[in-house]
$ cat final-v4.txt   # compact mmCIF, C-alpha atoms
# COMPACT_ATOMS: atom_id res chain seq x y z
CA MET Z 1 238.80 117.66 -33.98
CA VAL Z 2 238.72 117.23 -37.73
CA GLN Z 3 235.95 117.21 -40.27
CA THR Z 4 233.94 114.03 -40.57
CA LEU Z 5 233.62 111.93 -43.71
CA PRO Z 6 230.11 111.54 -45.03
CA TYR Z 7 230.25 107.83 -45.85
CA LEU Z 8 227.89 105.25 -44.43
CA LYS Z 9 229.09 101.79 -43.45
CA GLU Z 10 227.93 98.77 -45.39
CA SER Z 11 225.40 96.76 -43.37
CA ALA Z 12 227.21 93.83 -41.79
CA SER Z 13 226.51 90.42 -43.28
CA GLN Z 14 224.79 87.71 -41.29
CA THR Z 15 224.54 84.06 -42.20
CA ALA Z 16 221.74 83.04 -44.54
CA GLY Z 17 220.96 80.28 -42.04
CA PRO Z 18 219.44 76.85 -42.62
CA TYR Z 19 216.15 78.17 -43.98
CA VAL Z 20 217.50 80.37 -46.77
CA HIS Z 21 215.34 78.39 -49.19
CA ILE Z 22 212.14 79.83 -47.71
CA GLY Z 23 213.13 83.25 -48.89
CA LEU Z 24 215.07 82.55 -52.05
CA ALA Z 25 213.74 79.20 -53.27
CA PRO Z 26 210.48 78.40 -51.46
CA GLY Z 27 209.78 75.43 -53.71
CA ALA Z 28 212.83 73.71 -52.24
CA ALA Z 29 211.61 74.54 -48.73
CA GLY Z 30 208.46 72.60 -49.59
CA PHE Z 31 205.82 75.16 -50.52
CA ASP Z 32 204.49 77.10 -53.46
CA ILE Z 33 203.86 80.82 -52.94
CA TYR Z 34 205.01 82.96 -55.88
CA ARG Z 35 203.63 83.07 -59.38
CA ARG Z 36 207.18 82.52 -60.54
CA GLU Z 37 210.30 81.66 -58.61
CA LEU Z 38 213.33 83.48 -59.89
CA GLY Z 39 216.69 82.00 -60.75
CA HIS Z 40 215.63 78.73 -62.35
CA ASP Z 41 216.70 79.57 -65.89
CA ILE Z 42 220.09 81.20 -66.39
CA ALA Z 43 220.35 81.29 -70.17
CA GLY Z 44 216.73 81.51 -71.32
CA PRO Z 45 215.01 79.69 -74.17
CA HIS Z 46 217.17 80.73 -77.12
CA PRO Z 47 220.70 81.44 -75.96
CA ASN Z 48 223.64 81.87 -78.27
CA GLY Z 49 226.51 79.48 -77.88
CA GLU Z 50 227.11 76.03 -76.48
CA ARG Z 51 224.68 74.57 -73.97
CA ILE Z 52 226.42 73.02 -71.02
CA THR Z 53 225.66 71.27 -67.74
CA VAL Z 54 227.56 71.86 -64.52
CA THR Z 55 227.61 69.29 -61.72
CA GLY Z 56 229.35 69.21 -58.37
CA SER Z 57 229.18 69.42 -54.61
CA VAL Z 58 230.31 71.77 -51.88
CA PHE Z 59 232.30 70.15 -49.06
CA ASP Z 60 233.05 71.39 -45.56
CA GLY Z 61 236.36 71.08 -43.74
CA THR Z 62 235.59 67.52 -42.61
CA GLY Z 63 234.83 66.40 -46.17
CA ALA Z 64 231.08 66.24 -45.64
CA PRO Z 65 228.82 67.69 -48.34
CA VAL Z 66 227.16 71.01 -47.51
CA LYS Z 67 223.59 70.03 -48.32
CA ASP Z 68 221.98 73.32 -47.33
CA VAL Z 69 224.15 75.59 -49.46
CA LEU Z 70 222.64 78.02 -51.95
CA ILE Z 71 224.78 79.11 -54.88
CA GLU Z 72 224.12 82.10 -57.09
CA VAL Z 73 225.60 82.12 -60.57
CA TRP Z 74 226.33 85.29 -62.56
CA GLN Z 75 227.79 84.97 -66.02
CA ALA Z 76 228.28 86.60 -69.38
CA ASN Z 77 226.64 85.26 -72.50
CA ALA Z 78 228.52 83.42 -75.24
CA ASP Z 79 229.76 86.76 -76.60
CA GLY Z 80 231.23 87.79 -73.25
CA LEU Z 81 228.49 90.35 -72.58
CA TYR Z 82 226.61 90.87 -69.33
CA PRO Z 83 222.86 91.56 -69.26
CA GLY Z 84 221.84 94.99 -68.02
CA THR Z 85 225.08 96.53 -69.25
CA ASP Z 86 225.24 95.31 -72.81
CA ASP Z 87 222.63 94.06 -75.24
CA VAL Z 88 222.20 90.32 -74.99
CA GLU Z 89 219.79 87.91 -76.61
CA ASP Z 90 216.17 87.95 -75.38
CA GLY Z 91 215.62 85.83 -72.32
CA PHE Z 92 219.28 85.57 -71.35
CA ARG Z 93 219.37 86.47 -67.67
CA GLY Z 94 222.90 85.39 -66.81
CA TRP Z 95 221.83 84.77 -63.23
CA GLY Z 96 220.51 81.75 -61.44
CA ARG Z 97 220.15 80.03 -58.11
CA VAL Z 98 221.42 76.52 -57.57
CA ILE Z 99 220.39 74.23 -54.75
CA PRO Z 100 221.84 70.77 -54.22
CA ASP Z 101 219.87 67.65 -53.56
CA PHE Z 102 219.10 67.84 -49.82
CA ASP Z 103 219.96 64.15 -49.36
CA THR Z 104 223.26 63.96 -51.23
CA GLY Z 105 224.49 67.54 -51.58
CA ALA Z 106 225.06 67.08 -55.32
CA PHE Z 107 224.05 70.02 -57.50
CA ARG Z 108 223.44 70.27 -61.23
CA PHE Z 109 222.46 73.15 -63.48
CA ASP Z 110 222.18 73.95 -67.16
CA THR Z 111 223.43 77.07 -68.87
CA VAL Z 112 225.62 78.11 -71.80
CA LYS Z 113 229.35 78.48 -71.84
CA PRO Z 114 230.21 82.18 -71.45
CA GLY Z 115 232.57 84.02 -73.74
CA ALA Z 116 235.73 85.80 -72.66
CA VAL Z 117 235.23 89.10 -70.78
CA THR Z 118 237.76 91.90 -70.92
CA ASP Z 119 239.24 93.13 -67.65
CA ARG Z 120 239.85 96.78 -66.77
CA ASP Z 121 243.28 96.75 -68.35
CA GLY Z 122 241.95 95.41 -71.63
CA ARG Z 123 243.17 91.87 -71.05
CA ARG Z 124 240.89 88.98 -71.95
CA MET Z 125 239.79 86.91 -68.99
CA ALA Z 126 239.20 83.24 -69.71
CA PRO Z 127 235.53 82.18 -69.76
CA HIS Z 128 234.23 81.85 -66.22
CA LEU Z 129 231.12 81.71 -64.08
CA ASN Z 130 230.97 83.99 -61.05
CA LEU Z 131 229.68 82.12 -58.00
CA TRP Z 132 228.43 83.31 -54.63
CA LEU Z 133 227.85 80.76 -51.89
CA VAL Z 134 225.69 81.26 -48.82
CA ALA Z 135 224.66 78.79 -46.13
CA ARG Z 136 224.29 78.18 -42.44
CA GLY Z 137 227.73 78.68 -40.92
CA ILE Z 138 228.94 81.00 -43.69
CA ASN Z 139 229.00 84.46 -42.11
CA VAL Z 140 229.75 86.44 -45.26
CA GLY Z 141 228.80 85.05 -48.66
CA LEU Z 142 231.78 83.47 -50.42
CA ASN Z 143 232.76 84.65 -53.90
CA THR Z 144 234.64 82.45 -56.30
CA ARG Z 145 234.85 81.68 -60.03
CA MET Z 146 234.49 78.53 -62.06
CA TYR Z 147 236.77 78.31 -65.10
CA PHE Z 148 236.59 75.63 -67.79
CA GLY Z 149 239.03 72.73 -68.00
CA ASP Z 150 238.88 72.60 -71.80
CA GLU Z 151 240.29 76.13 -72.12
CA PRO Z 152 243.91 75.53 -71.09
CA GLY Z 153 245.30 78.30 -73.26
CA ALA Z 154 242.86 80.95 -72.09
CA ASN Z 155 243.21 79.83 -68.48
CA ALA Z 156 247.00 80.09 -68.67
CA ALA Z 157 246.64 83.70 -69.85
CA ASP Z 158 243.92 84.65 -67.37
CA PRO Z 159 244.97 87.65 -65.25
CA VAL Z 160 242.92 86.58 -62.24
CA LEU Z 161 244.15 82.98 -62.14
CA ALA Z 162 247.66 84.40 -62.45
CA LEU Z 163 247.16 86.24 -59.14
CA VAL Z 164 246.89 82.97 -57.24
CA GLU Z 165 250.34 82.76 -55.71
CA GLN Z 166 250.45 78.98 -55.24
CA ALA Z 167 250.08 77.79 -58.82
CA HIS Z 168 248.55 74.43 -57.85
CA ARG Z 169 245.67 76.22 -56.13
CA ARG Z 170 244.53 77.59 -59.50
CA ASP Z 171 243.22 74.11 -60.21
CA THR Z 172 240.59 74.58 -57.47
CA LEU Z 173 238.94 77.12 -59.80
CA ILE Z 174 238.91 74.97 -62.94
CA ALA Z 175 236.06 72.58 -63.71
CA ARG Z 176 236.82 69.17 -65.22
CA ALA Z 177 235.38 68.91 -68.73
CA GLU Z 178 233.60 65.79 -69.96
CA GLY Z 179 232.08 66.82 -73.25
CA ALA Z 180 229.45 69.46 -72.55
CA THR Z 181 229.36 68.58 -68.85
CA TYR Z 182 231.67 70.26 -66.37
CA HIS Z 183 232.31 68.94 -62.90
CA PHE Z 184 233.17 71.48 -60.23
CA ASP Z 185 233.54 70.77 -56.51
CA VAL Z 186 234.00 73.52 -53.96
CA ARG Z 187 235.96 72.86 -50.75
CA LEU Z 188 235.30 75.39 -48.05
CA GLN Z 189 238.28 74.43 -45.92
CA GLY Z 190 241.24 72.09 -45.64
CA ASP Z 191 242.95 70.00 -48.32
CA GLY Z 192 242.24 71.45 -51.73
CA GLU Z 193 240.53 74.51 -50.24
CA THR Z 194 238.94 76.51 -53.05
CA VAL Z 195 240.34 79.95 -53.72
CA PHE Z 196 237.73 82.47 -52.58
CA PHE Z 197 237.84 86.10 -53.61
CA ASP Z 198 237.55 89.42 -51.88
CA ILE Z 199 235.97 91.36 -54.69
CA MET O 1 225.94 101.91 -70.68
CA THR O 2 228.36 99.26 -71.90
CA GLN O 3 231.19 97.36 -70.29
CA ASN O 4 233.56 100.11 -71.40
CA ASP O 5 231.75 102.57 -69.14
CA LEU O 6 232.56 100.41 -66.14
CA PHE O 7 236.30 100.71 -66.50
CA GLY O 8 236.60 103.83 -64.38
CA ARG O 9 234.52 102.41 -61.57
CA HIS O 10 235.52 100.64 -58.40
CA LEU O 11 233.50 99.65 -55.39
CA ILE O 12 234.61 100.79 -51.98
CA GLN O 13 236.62 97.96 -50.48
CA ARG O 14 234.59 95.75 -48.17
CA ASP O 15 235.58 96.37 -44.54
CA ARG O 16 236.34 92.87 -43.33
CA GLU O 17 236.74 94.12 -39.76
CA TRP O 18 233.17 95.39 -39.78
CA HIS O 19 231.72 92.14 -41.11
CA PRO O 20 231.90 88.94 -39.08
CA PRO O 21 234.98 86.78 -39.62
CA ALA O 22 234.45 83.47 -41.43
CA TYR O 23 235.65 81.56 -38.36
CA ALA O 24 233.60 82.44 -35.29
CA PRO O 25 233.82 79.44 -32.93
CA ASP O 26 230.93 80.43 -30.66
CA TYR O 27 228.76 79.96 -33.75
CA LYS O 28 229.73 76.34 -34.06
CA THR O 29 228.60 75.67 -37.61
CA SER O 30 231.12 78.24 -38.85
CA VAL O 31 234.04 76.13 -37.60
CA ALA O 32 234.04 73.57 -40.44
CA ARG O 33 232.56 75.94 -43.02
CA SER O 34 235.11 78.75 -42.80
CA PRO O 35 237.96 79.03 -45.30
CA LYS O 36 241.33 78.98 -43.50
CA LEU O 37 243.37 80.56 -46.28
CA ALA O 38 243.33 84.24 -47.13
CA LEU O 39 240.81 85.56 -49.63
CA LEU O 40 242.32 86.60 -52.96
CA SER O 41 241.70 90.33 -53.41
CA ILE O 42 241.03 91.26 -57.01
CA GLU O 43 240.23 94.57 -58.63
CA ASN O 44 236.69 94.85 -59.87
CA THR O 45 236.11 93.86 -63.48
CA ALA O 46 232.88 93.73 -65.44
CA SER O 47 232.24 90.36 -63.78
CA GLU O 48 231.95 92.04 -60.39
CA LEU O 49 230.57 95.45 -61.41
CA THR O 50 227.58 94.10 -63.30
CA GLY O 51 224.73 92.18 -61.72
CA PRO O 52 221.26 90.85 -62.32
CA THR O 53 218.36 93.26 -62.56
CA PHE O 54 214.68 92.65 -61.93
CA GLY O 55 211.52 94.37 -62.98
CA HIS O 56 207.86 94.53 -62.10
CA GLY O 57 207.23 91.72 -64.57
CA ASP O 58 209.22 89.39 -62.33
CA ILE O 59 207.21 89.83 -59.15
CA ASP O 60 203.68 90.71 -58.04
CA PRO O 61 202.51 93.46 -55.63
CA ILE O 62 201.08 90.81 -53.27
CA ASP O 63 204.58 89.41 -52.80
CA SER O 64 205.43 92.15 -50.30
CA ASP O 65 202.38 91.53 -48.11
CA LEU O 66 203.15 88.54 -45.89
CA LEU O 67 199.78 88.94 -44.16
CA ARG O 68 198.11 87.99 -47.42
CA ASN O 69 200.54 86.25 -49.75
CA TYR O 70 199.93 82.81 -48.26
CA ALA O 71 196.66 83.34 -46.38
CA SER O 72 193.86 80.91 -47.17
CA THR O 73 191.38 80.85 -44.27
CA GLY O 74 192.19 84.22 -42.63
CA ASP O 75 195.04 86.40 -41.46
CA PRO O 76 198.10 84.84 -39.85
CA ILE O 77 198.36 84.83 -36.07
CA GLY O 78 200.64 87.41 -34.50
CA GLU O 79 201.54 91.03 -34.03
CA ARG O 80 200.87 92.90 -37.28
CA ILE O 81 203.88 94.98 -38.30
CA ILE O 82 205.13 97.10 -41.17
CA VAL O 83 208.86 96.95 -41.92
CA HIS O 84 210.02 99.79 -44.11
CA GLY O 85 213.18 101.66 -44.93
CA ARG O 86 215.59 102.50 -47.67
CA VAL O 87 218.37 100.75 -49.48
CA LEU O 88 221.32 103.15 -49.65
CA ASP O 89 224.92 102.86 -50.67
CA GLU O 90 227.95 103.93 -48.68
CA ASN O 91 227.83 107.31 -50.39
CA ALA O 92 224.34 107.73 -48.87
CA ARG O 93 222.76 107.56 -52.31
CA PRO O 94 219.51 105.62 -52.70
CA VAL O 95 219.67 102.32 -54.57
CA PRO O 96 216.55 102.41 -56.76
CA HIS O 97 214.68 99.52 -58.38
CA THR O 98 216.64 96.80 -56.66
CA MET O 99 215.13 93.60 -55.36
CA VAL O 100 214.74 93.04 -51.63
CA GLU O 101 213.75 89.57 -50.44
CA ILE O 102 212.89 88.60 -46.87
CA TRP O 103 212.15 85.40 -44.98
CA GLN O 104 211.23 84.77 -41.37
CA ALA O 105 209.67 82.47 -38.79
CA ASN O 106 206.00 82.85 -37.87
CA ALA O 107 204.81 84.47 -34.65
CA GLY O 108 205.54 81.27 -32.73
CA GLY O 109 209.10 81.01 -33.99
CA ARG O 110 208.47 78.21 -36.51
CA TYR O 111 209.65 78.26 -40.12
CA ARG O 112 207.68 76.79 -42.97
CA HIS O 113 210.55 74.55 -44.02
CA ARG O 114 210.76 70.81 -44.34
CA LYS O 115 213.89 70.88 -42.15
CA ASP O 116 212.37 72.83 -39.23
CA SER O 117 211.00 70.53 -36.52
CA TYR O 118 210.54 73.03 -33.65
CA LEU O 119 207.41 72.17 -31.65
CA ALA O 120 205.74 75.54 -32.22
CA PRO O 121 202.99 75.06 -34.81
CA ILE O 122 203.02 75.98 -38.47
CA ASP O 123 200.55 78.79 -39.17
CA PRO O 124 198.33 77.66 -42.06
CA ASN O 125 197.98 81.28 -43.22
CA PHE O 126 201.63 82.29 -43.12
CA GLY O 127 204.29 81.43 -45.67
CA GLY O 128 207.08 83.58 -44.26
CA CYS O 129 208.68 85.06 -47.35
CA GLY O 130 208.28 88.22 -49.38
CA ARG O 131 209.98 90.26 -52.07
CA THR O 132 209.70 93.73 -53.53
CA LEU O 133 211.57 96.31 -55.59
CA THR O 134 212.78 99.59 -54.11
CA ASP O 135 211.26 102.72 -55.62
CA ALA O 136 213.17 105.59 -57.26
CA GLU O 137 214.30 106.83 -53.82
CA GLY O 138 215.38 103.40 -52.64
CA ARG O 139 212.34 102.91 -50.40
CA TYR O 140 210.74 99.54 -49.69
CA ALA O 141 208.00 98.28 -47.35
CA PHE O 142 206.70 94.90 -46.22
CA ARG O 143 203.67 94.00 -44.13
CA THR O 144 204.03 90.92 -41.96
CA VAL O 145 203.76 89.57 -38.41
CA LYS O 146 206.52 89.95 -35.89
CA PRO O 147 208.49 86.70 -35.86
CA GLY O 148 208.91 84.79 -32.61
CA ALA O 149 212.18 83.91 -30.92
CA TYR O 150 213.12 80.26 -31.20
CA PRO O 151 215.66 77.79 -29.82
CA TRP O 152 218.45 76.42 -31.96
CA ARG O 153 221.15 73.82 -31.53
CA ASN O 154 224.46 75.48 -30.80
CA TRP O 155 224.97 75.46 -27.09
CA VAL O 156 222.24 73.48 -25.30
CA ASN O 157 220.20 76.58 -24.52
CA ASN O 158 220.55 79.11 -27.35
CA TRP O 159 217.67 81.27 -28.56
CA ARG O 160 217.62 83.39 -31.66
CA PRO O 161 216.28 86.90 -31.12
CA ALA O 162 213.28 87.75 -33.27
CA HIS O 163 214.71 88.50 -36.70
CA ILE O 164 213.93 88.84 -40.38
CA HIS O 165 216.42 87.69 -43.01
CA PHE O 166 217.13 90.18 -45.81
CA SER O 167 218.65 89.56 -49.23
CA VAL O 168 219.56 92.59 -51.35
CA PHE O 169 221.12 92.88 -54.81
CA GLY O 170 222.23 96.41 -55.70
CA THR O 171 223.55 96.88 -59.22
CA ALA O 172 226.83 94.96 -59.00
CA PHE O 173 227.30 91.29 -58.15
CA ALA O 174 229.97 92.43 -55.66
CA GLN O 175 227.28 94.34 -53.72
CA ARG O 176 225.28 91.19 -53.08
CA LEU O 177 224.35 91.01 -49.41
CA ILE O 178 222.42 88.79 -47.03
CA THR O 179 221.89 90.00 -43.49
CA GLN O 180 219.37 89.88 -40.66
CA MET O 181 217.19 92.54 -39.09
CA TYR O 182 216.58 92.57 -35.34
CA PHE O 183 214.00 94.46 -33.29
CA GLU O 184 214.70 97.36 -30.94
CA GLY O 185 214.64 96.38 -27.29
CA ASP O 186 215.03 92.62 -27.67
CA PRO O 187 217.19 91.30 -24.78
CA LEU O 188 218.15 88.21 -26.79
CA ILE O 189 220.18 90.27 -29.30
CA ALA O 190 223.09 90.71 -26.92
CA LYS O 191 223.15 86.98 -26.11
CA CYS O 192 223.01 85.53 -29.60
CA PRO O 193 226.18 83.83 -30.90
CA ILE O 194 225.19 84.61 -34.50
CA VAL O 195 224.76 88.32 -33.75
CA ARG O 196 228.01 88.24 -31.80
CA THR O 197 229.97 87.00 -34.80
CA ILE O 198 229.97 90.73 -35.64
CA PRO O 199 232.94 92.20 -33.84
CA ASP O 200 231.88 95.85 -33.70
CA GLN O 201 228.90 96.89 -31.56
CA ARG O 202 228.15 99.75 -33.97
CA ALA O 203 227.75 97.25 -36.78
CA ILE O 204 225.33 95.26 -34.62
CA ASP O 205 223.36 98.40 -33.77
CA GLN O 206 223.04 99.10 -37.50
CA LEU O 207 221.10 95.82 -37.86
CA VAL O 208 218.52 96.70 -35.18
CA ALA O 209 215.33 98.18 -36.60
CA VAL O 210 213.89 101.12 -34.70
CA LEU O 211 210.25 101.45 -33.66
CA ASP O 212 208.66 104.04 -35.96
CA LEU O 213 205.29 105.08 -34.61
CA ASN O 214 204.93 107.71 -37.31
CA ALA O 215 204.79 104.99 -39.94
CA SER O 216 202.33 102.87 -37.98
CA VAL O 217 198.73 102.48 -39.05
CA PRO O 218 196.63 103.40 -35.99
CA LEU O 219 194.49 100.53 -34.68
CA ASP O 220 196.06 98.23 -37.28
CA SER O 221 199.85 97.75 -37.51
CA ILE O 222 202.94 98.95 -35.69
CA ALA O 223 205.98 99.94 -37.78
CA TYR O 224 209.73 99.46 -37.65
CA LYS O 225 212.24 101.28 -39.83
CA PHE O 226 215.25 99.40 -41.19
CA ASP O 227 217.71 100.97 -43.62
CA ILE O 228 220.18 98.75 -45.45
CA VAL O 229 223.51 99.99 -46.76
CA LEU O 230 225.24 98.36 -49.72
CA ARG O 231 228.78 98.99 -50.88
CA GLY O 232 229.24 102.28 -52.70
CA HIS O 233 231.42 103.31 -55.60
CA ARG O 234 234.59 105.04 -54.64
CA SER O 235 235.78 108.24 -56.21
CA THR O 236 238.39 107.95 -58.88
CA PHE O 237 239.69 111.48 -59.27
CA PHE O 238 241.98 112.16 -62.20
CA GLU O 239 241.10 108.93 -63.99
CA ASN O 240 240.37 109.42 -67.64
CA ARG O 241 236.61 109.23 -67.45
CA PRO O 242 234.66 111.71 -69.59
CA GLU O 243 231.39 111.59 -67.64
CA GLY O 244 233.05 112.89 -64.49
CA ASN O 245 233.00 111.52 -61.02
$ encode --input "final-v4.txt" --output "C-alpha cells"
Amino acid sequence: MVQTLPYLKESASQTAGPYVHIGLAPGAAGFDIYRRELGHDIAGPHPNGERITVTGSVFDGTGAPVKDVLIEVWQANADGLYPGTDDVEDGFRGWGRVIPDFDTGAFRFDTVKPGAVTDRDGRRMAPHLNLWLVARGINVGLNTRMYFGDEPGANAADPVLALVEQAHRRDTLIARAEGATYHFDVRLQGDGETVFFDI
Amino acid sequence: MTQNDLFGRHLIQRDREWHPPAYAPDYKTSVARSPKLALLSIENTASELTGPTFGHGDIDPIDSDLLRNYASTGDPIGERIIVHGRVLDENARPVPHTMVEIWQANAGGRYRHRKDSYLAPIDPNFGGCGRTLTDAEGRYAFRTVKPGAYPWRNWVNNWRPAHIHFSVFGTAFAQRLITQMYFEGDPLIAKCPIVRTIPDQRAIDQLVAVLDLNASVPLDSIAYKFDIVLRGHRSTFFENRPEGN
C-alpha cells in the first residue's frame, strides 16, 4: 500500500439537454421568471472600443443547423483586460449567452472587439472571443475561440493558432469580416470541422 | 489581482477518461454532434483562467426557491425537497460566491419549454429553474419539488431518471461545468443512455445525490445532499511566484 492523494475528482459533465434554455435563458423557453436574465449584454452601455456584431450558425456532422445550441462568450475589453481580474469600464461584463433563432439556427450578438491579451510567456495573442458551446448531444461543453478576419498580421503571430498542426484548419477559428460585422460558423463534425480546445 | 498574477497558475488537466466521450452512440444525438478530430490542448492563459463573476445585485433570494419563484395560485404539485451541498474544487477547497443555476421537469416529468410536448401536464405554479450564489464556504441550497421521470426519443422506450440539471461557473472560464444530479435509489439511473455515456461507475456515483434526513425539515420537506467538484489549480512548485503556492 502507498499513501493516498487528497484530490477530489471533477464532477463528470452531462449534456445540457434540449431544455437548457429553461435554466439559462428562460425567456427563450417561453416564460418570464427572473427580474433580470443574465447574459444579454456583453459589453454594457458605454464600452471602450469598436462596437461589432457577430453572426453565424452551428452545424452538425450532416450539415444541419444546431438550433438548440447555447453559446457562452467570454472576452476581454478593447484594452485586452478581463473583468474581475483587471479594472475595466463600468458595465463591461465580458460575458454573454447567445441563442440562435429556433427556426433557422442563425445567431447574432453585439459586443465590442477585444484587444490583444498576453499569454503566459508574454506573447501577444491576437484579439479573440472565447466560446463555450453546450447542447443536446454534446456530452462535455466544447471550447473554441473566434478570431477576427481583419487582423491577418496578429493572427499570423498568434501562439495558439500556431499550435494547429494543419495550417488550413486555423481558418475554422477566424471570422469573416464585413465592416463591423463578423460572420462565424461552427462545424461540430466533418468537412471543415472547427478546432475545439482542451483547455 | 491582475493578469500578471495569473501567470503562475494552471488548472489541473481535465480527465477526459472520467468525463463522457463526445461520441457515445447509445445516446444517439451525440453521433452527429461529436467532433471527430482531436481536441487541441493549450496551456491556460488569462483567457481561460479568468471568468465571469456575479453578485447579489444580479439575482434575488426568491430565485433559489422553486416552490415560490413561479407560484401564482398556490404551491406546485409534488414531493417537496431541499437540495443542498457545496461547490468544491479538486483540492477540496470550497468555491465561494459562485453562481449555481438549476433547471428541471415538474413532478409529472414535464418541462416548461415550448419544445416539450410530453402528455404530462404543465404545473401552473412551477417554472422549473432557479439560481443562487454559494456562500463563503461554498454552500448552496435550493427548495423545489422532486422532478418526475419522463420518456424521451432515443430508443423507442427510454426513460430519463429523475434529475436536476446544474450549471456552475467557478472562477475560471475553463472550470465551466454543466452536469446533472440524480437521486439515490432510482432504478432508472443504471438504464439511462445519457448517464451511461460516463464510462466510470465511480463518476456516475458522484452524480447521485444522497438522502440527507438531517437536513430535512420535519413535516415539511425531505433533503438530498449534492456536492459538485470543479477543476482545481495544480501546484507549481519552484515557479517564480512570490505569493507562494
$ closest_residue --input "final-v4.txt" --among "O:Asn125, O:Ser47, O:Thr144, O:Thr29" --to "Tyr224 in chain O" --atoms "only C-alpha atoms"
O:Thr144
$ interface_residues --input "final-v4.txt" --of "chain Z" --to "chain O" --cutoff "7 Å" --atoms "only C-alpha atoms" --output "tab-separated table (two decimals) with C-alpha atoms, keeping the file's coordinate frame"
chain	number	residue	atom	x	y	z
Z	7	TYR	CA	230.25	107.83	-45.85
Z	8	LEU	CA	227.89	105.25	-44.43
Z	9	LYS	CA	229.09	101.79	-43.45
Z	10	GLU	CA	227.93	98.77	-45.39
Z	11	SER	CA	225.40	96.76	-43.37
Z	12	ALA	CA	227.21	93.83	-41.79
Z	13	SER	CA	226.51	90.42	-43.28
Z	14	GLN	CA	224.79	87.71	-41.29
Z	15	THR	CA	224.54	84.06	-42.20
Z	16	ALA	CA	221.74	83.04	-44.54
Z	19	TYR	CA	216.15	78.17	-43.98
Z	22	ILE	CA	212.14	79.83	-47.71
Z	23	GLY	CA	213.13	83.25	-48.89
Z	29	ALA	CA	211.61	74.54	-48.73
Z	30	GLY	CA	208.46	72.60	-49.59
Z	33	ILE	CA	203.86	80.82	-52.94
Z	60	ASP	CA	233.05	71.39	-45.56
Z	61	GLY	CA	236.36	71.08	-43.74
Z	62	THR	CA	235.59	67.52	-42.61
Z	82	TYR	CA	226.61	90.87	-69.33
Z	84	GLY	CA	221.84	94.99	-68.02
Z	85	THR	CA	225.08	96.53	-69.25
Z	86	ASP	CA	225.24	95.31	-72.81
Z	95	TRP	CA	221.83	84.77	-63.23
Z	119	ASP	CA	239.24	93.13	-67.65
Z	120	ARG	CA	239.85	96.78	-66.77
Z	136	ARG	CA	224.29	78.18	-42.44
Z	137	GLY	CA	227.73	78.68	-40.92
Z	138	ILE	CA	228.94	81.00	-43.69
Z	139	ASN	CA	229.00	84.46	-42.11
Z	140	VAL	CA	229.75	86.44	-45.26
Z	188	LEU	CA	235.30	75.39	-48.05
Z	189	GLN	CA	238.28	74.43	-45.92
Z	195	VAL	CA	240.34	79.95	-53.72
Z	196	PHE	CA	237.73	82.47	-52.58
Z	197	PHE	CA	237.84	86.10	-53.61
Z	198	ASP	CA	237.55	89.42	-51.88
Z	199	ILE	CA	235.97	91.36	-54.69
$ closest_residue --input "final-v4.txt" --among "O:Glu79, O:Arg153, O:Gly185, O:Phe126" --to "Asp32 in chain Z" --atoms "all atoms listed in the file"
O:Phe126
$ atom_distance --input "final-v4.txt" --atom1 "CA of Gly122 in chain Z" --atom2 "CA of Ile174 in chain Z"
22.4 Å
$ residues_around --input "final-v4.txt" --residues "Asn214 in chain O" --least-positions-apart "6" --cutoff "12 Å" --atoms "only C-alpha atoms" --output "list in words"
Ile82, His84, Ser221, Ile222, Ala223, Tyr224 and Lys225 of chain O
$ closest_residue --input "final-v4.txt" --among "O:Lys146, O:His10, O:Arg139, O:His97" --to "Ile77 in chain O" --atoms "all atoms listed in the file"
O:Lys146
$ closest_residue --input "final-v4.txt" --among "Z:Asp68, Z:Glu178, Z:Glu165, Z:Asp87" --to "Asp150 in chain Z" --atoms "all atoms listed in the file"
Z:Glu178
$ residues_around --input "final-v4.txt" --residues "range 112-117 of chain Z" --least-positions-apart "6" --cutoff "7 Å" --atoms "only C-alpha atoms" --output "NGL selection string"
:Z and (43 or 49-52 or 75-80 or 124-128)
$ residues_around --input "final-v4.txt" --residues "Asp185 in chain Z" --least-positions-apart "6" --cutoff "8 Å" --atoms "all atoms listed in the file" --output "JSON list (two decimals) with C-alpha atoms, in the coordinates of the input"
[["chain", "number", "residue", "atom", "x", "y", "z"],
["Z", 56, "GLY", "CA", 229.35, 69.21, -58.37],
["Z", 57, "SER", "CA", 229.18, 69.42, -54.61],
["Z", 58, "VAL", "CA", 230.31, 71.77, -51.88],
["Z", 59, "PHE", "CA", 232.30, 70.15, -49.06],
["Z", 175, "ALA", "CA", 236.06, 72.58, -63.71]]
$ atom_distance --input "final-v4.txt" --atom1 "CA of Val54 in chain Z" --atom2 "CA of Met99 in chain O"
26.7 Å
$ residues_near_point --input "final-v4.txt" --point "(247.7, 77.0, -69.5)" --cutoff "12 Å" --atoms "all atoms listed in the file" --output "number ranges by chain"
Z: 126, 147-159, 161-162, 167-168, 170-171, 174
$ atom_distance --input "final-v4.txt" --atom1 "CA of Thr73 in chain O" --atom2 "CA of Ala107 in chain O"
16.9 Å
$ closest_residue --input "final-v4.txt" --among "Z:Leu5, Z:Gly94, Z:Ile99, Z:Tyr182" --to "Val134 in chain Z" --atoms "only C-alpha atoms"
Z:Ile99
$ residues_around --input "final-v4.txt" --residues "His56 in chain O" --least-positions-apart "5" --cutoff "9 Å" --atoms "only C-alpha atoms" --output "PyMOL selection string"
chain O and resi 61+132-133
$ closest_residue --input "final-v4.txt" --among "Z:Arg176, Z:Arg169, Z:Arg145, Z:His21" --to "Lys67 in chain Z" --atoms "all atoms listed in the file"
Z:His21
$ residues_around --input "final-v4.txt" --residues "Gly108 in chain O" --least-positions-apart "4" --cutoff "10 Å" --atoms "only C-alpha atoms" --output "list in words"
Ile77, Gly78, Tyr118, Leu119, Ala120, Pro121, Ile122, Asp123, Lys146, Pro147, Gly148, Ala149 and Tyr150 of chain O
$ decode --input "final-v4.txt" --residues "range 123-132 of chain Z" --atoms "C-alpha atoms" --output "compact mmCIF listing (two decimals), in the first residue's frame"
# COMPACT_ATOMS: atom_id res chain seq x y z
CA ARG Z 123 3.47 36.85 -26.24
CA ARG Z 124 0.53 38.84 -27.56
CA MET Z 125 -2.42 36.73 -28.60
CA ALA Z 126 -4.48 38.10 -31.45
CA PRO Z 127 -7.89 39.51 -30.45
CA HIS Z 128 -10.33 36.66 -29.86
CA LEU Z 129 -13.61 35.70 -28.24
CA ASN Z 130 -13.64 32.59 -26.06
CA LEU Z 131 -16.67 30.43 -26.82
CA TRP Z 132 -18.24 27.52 -24.97
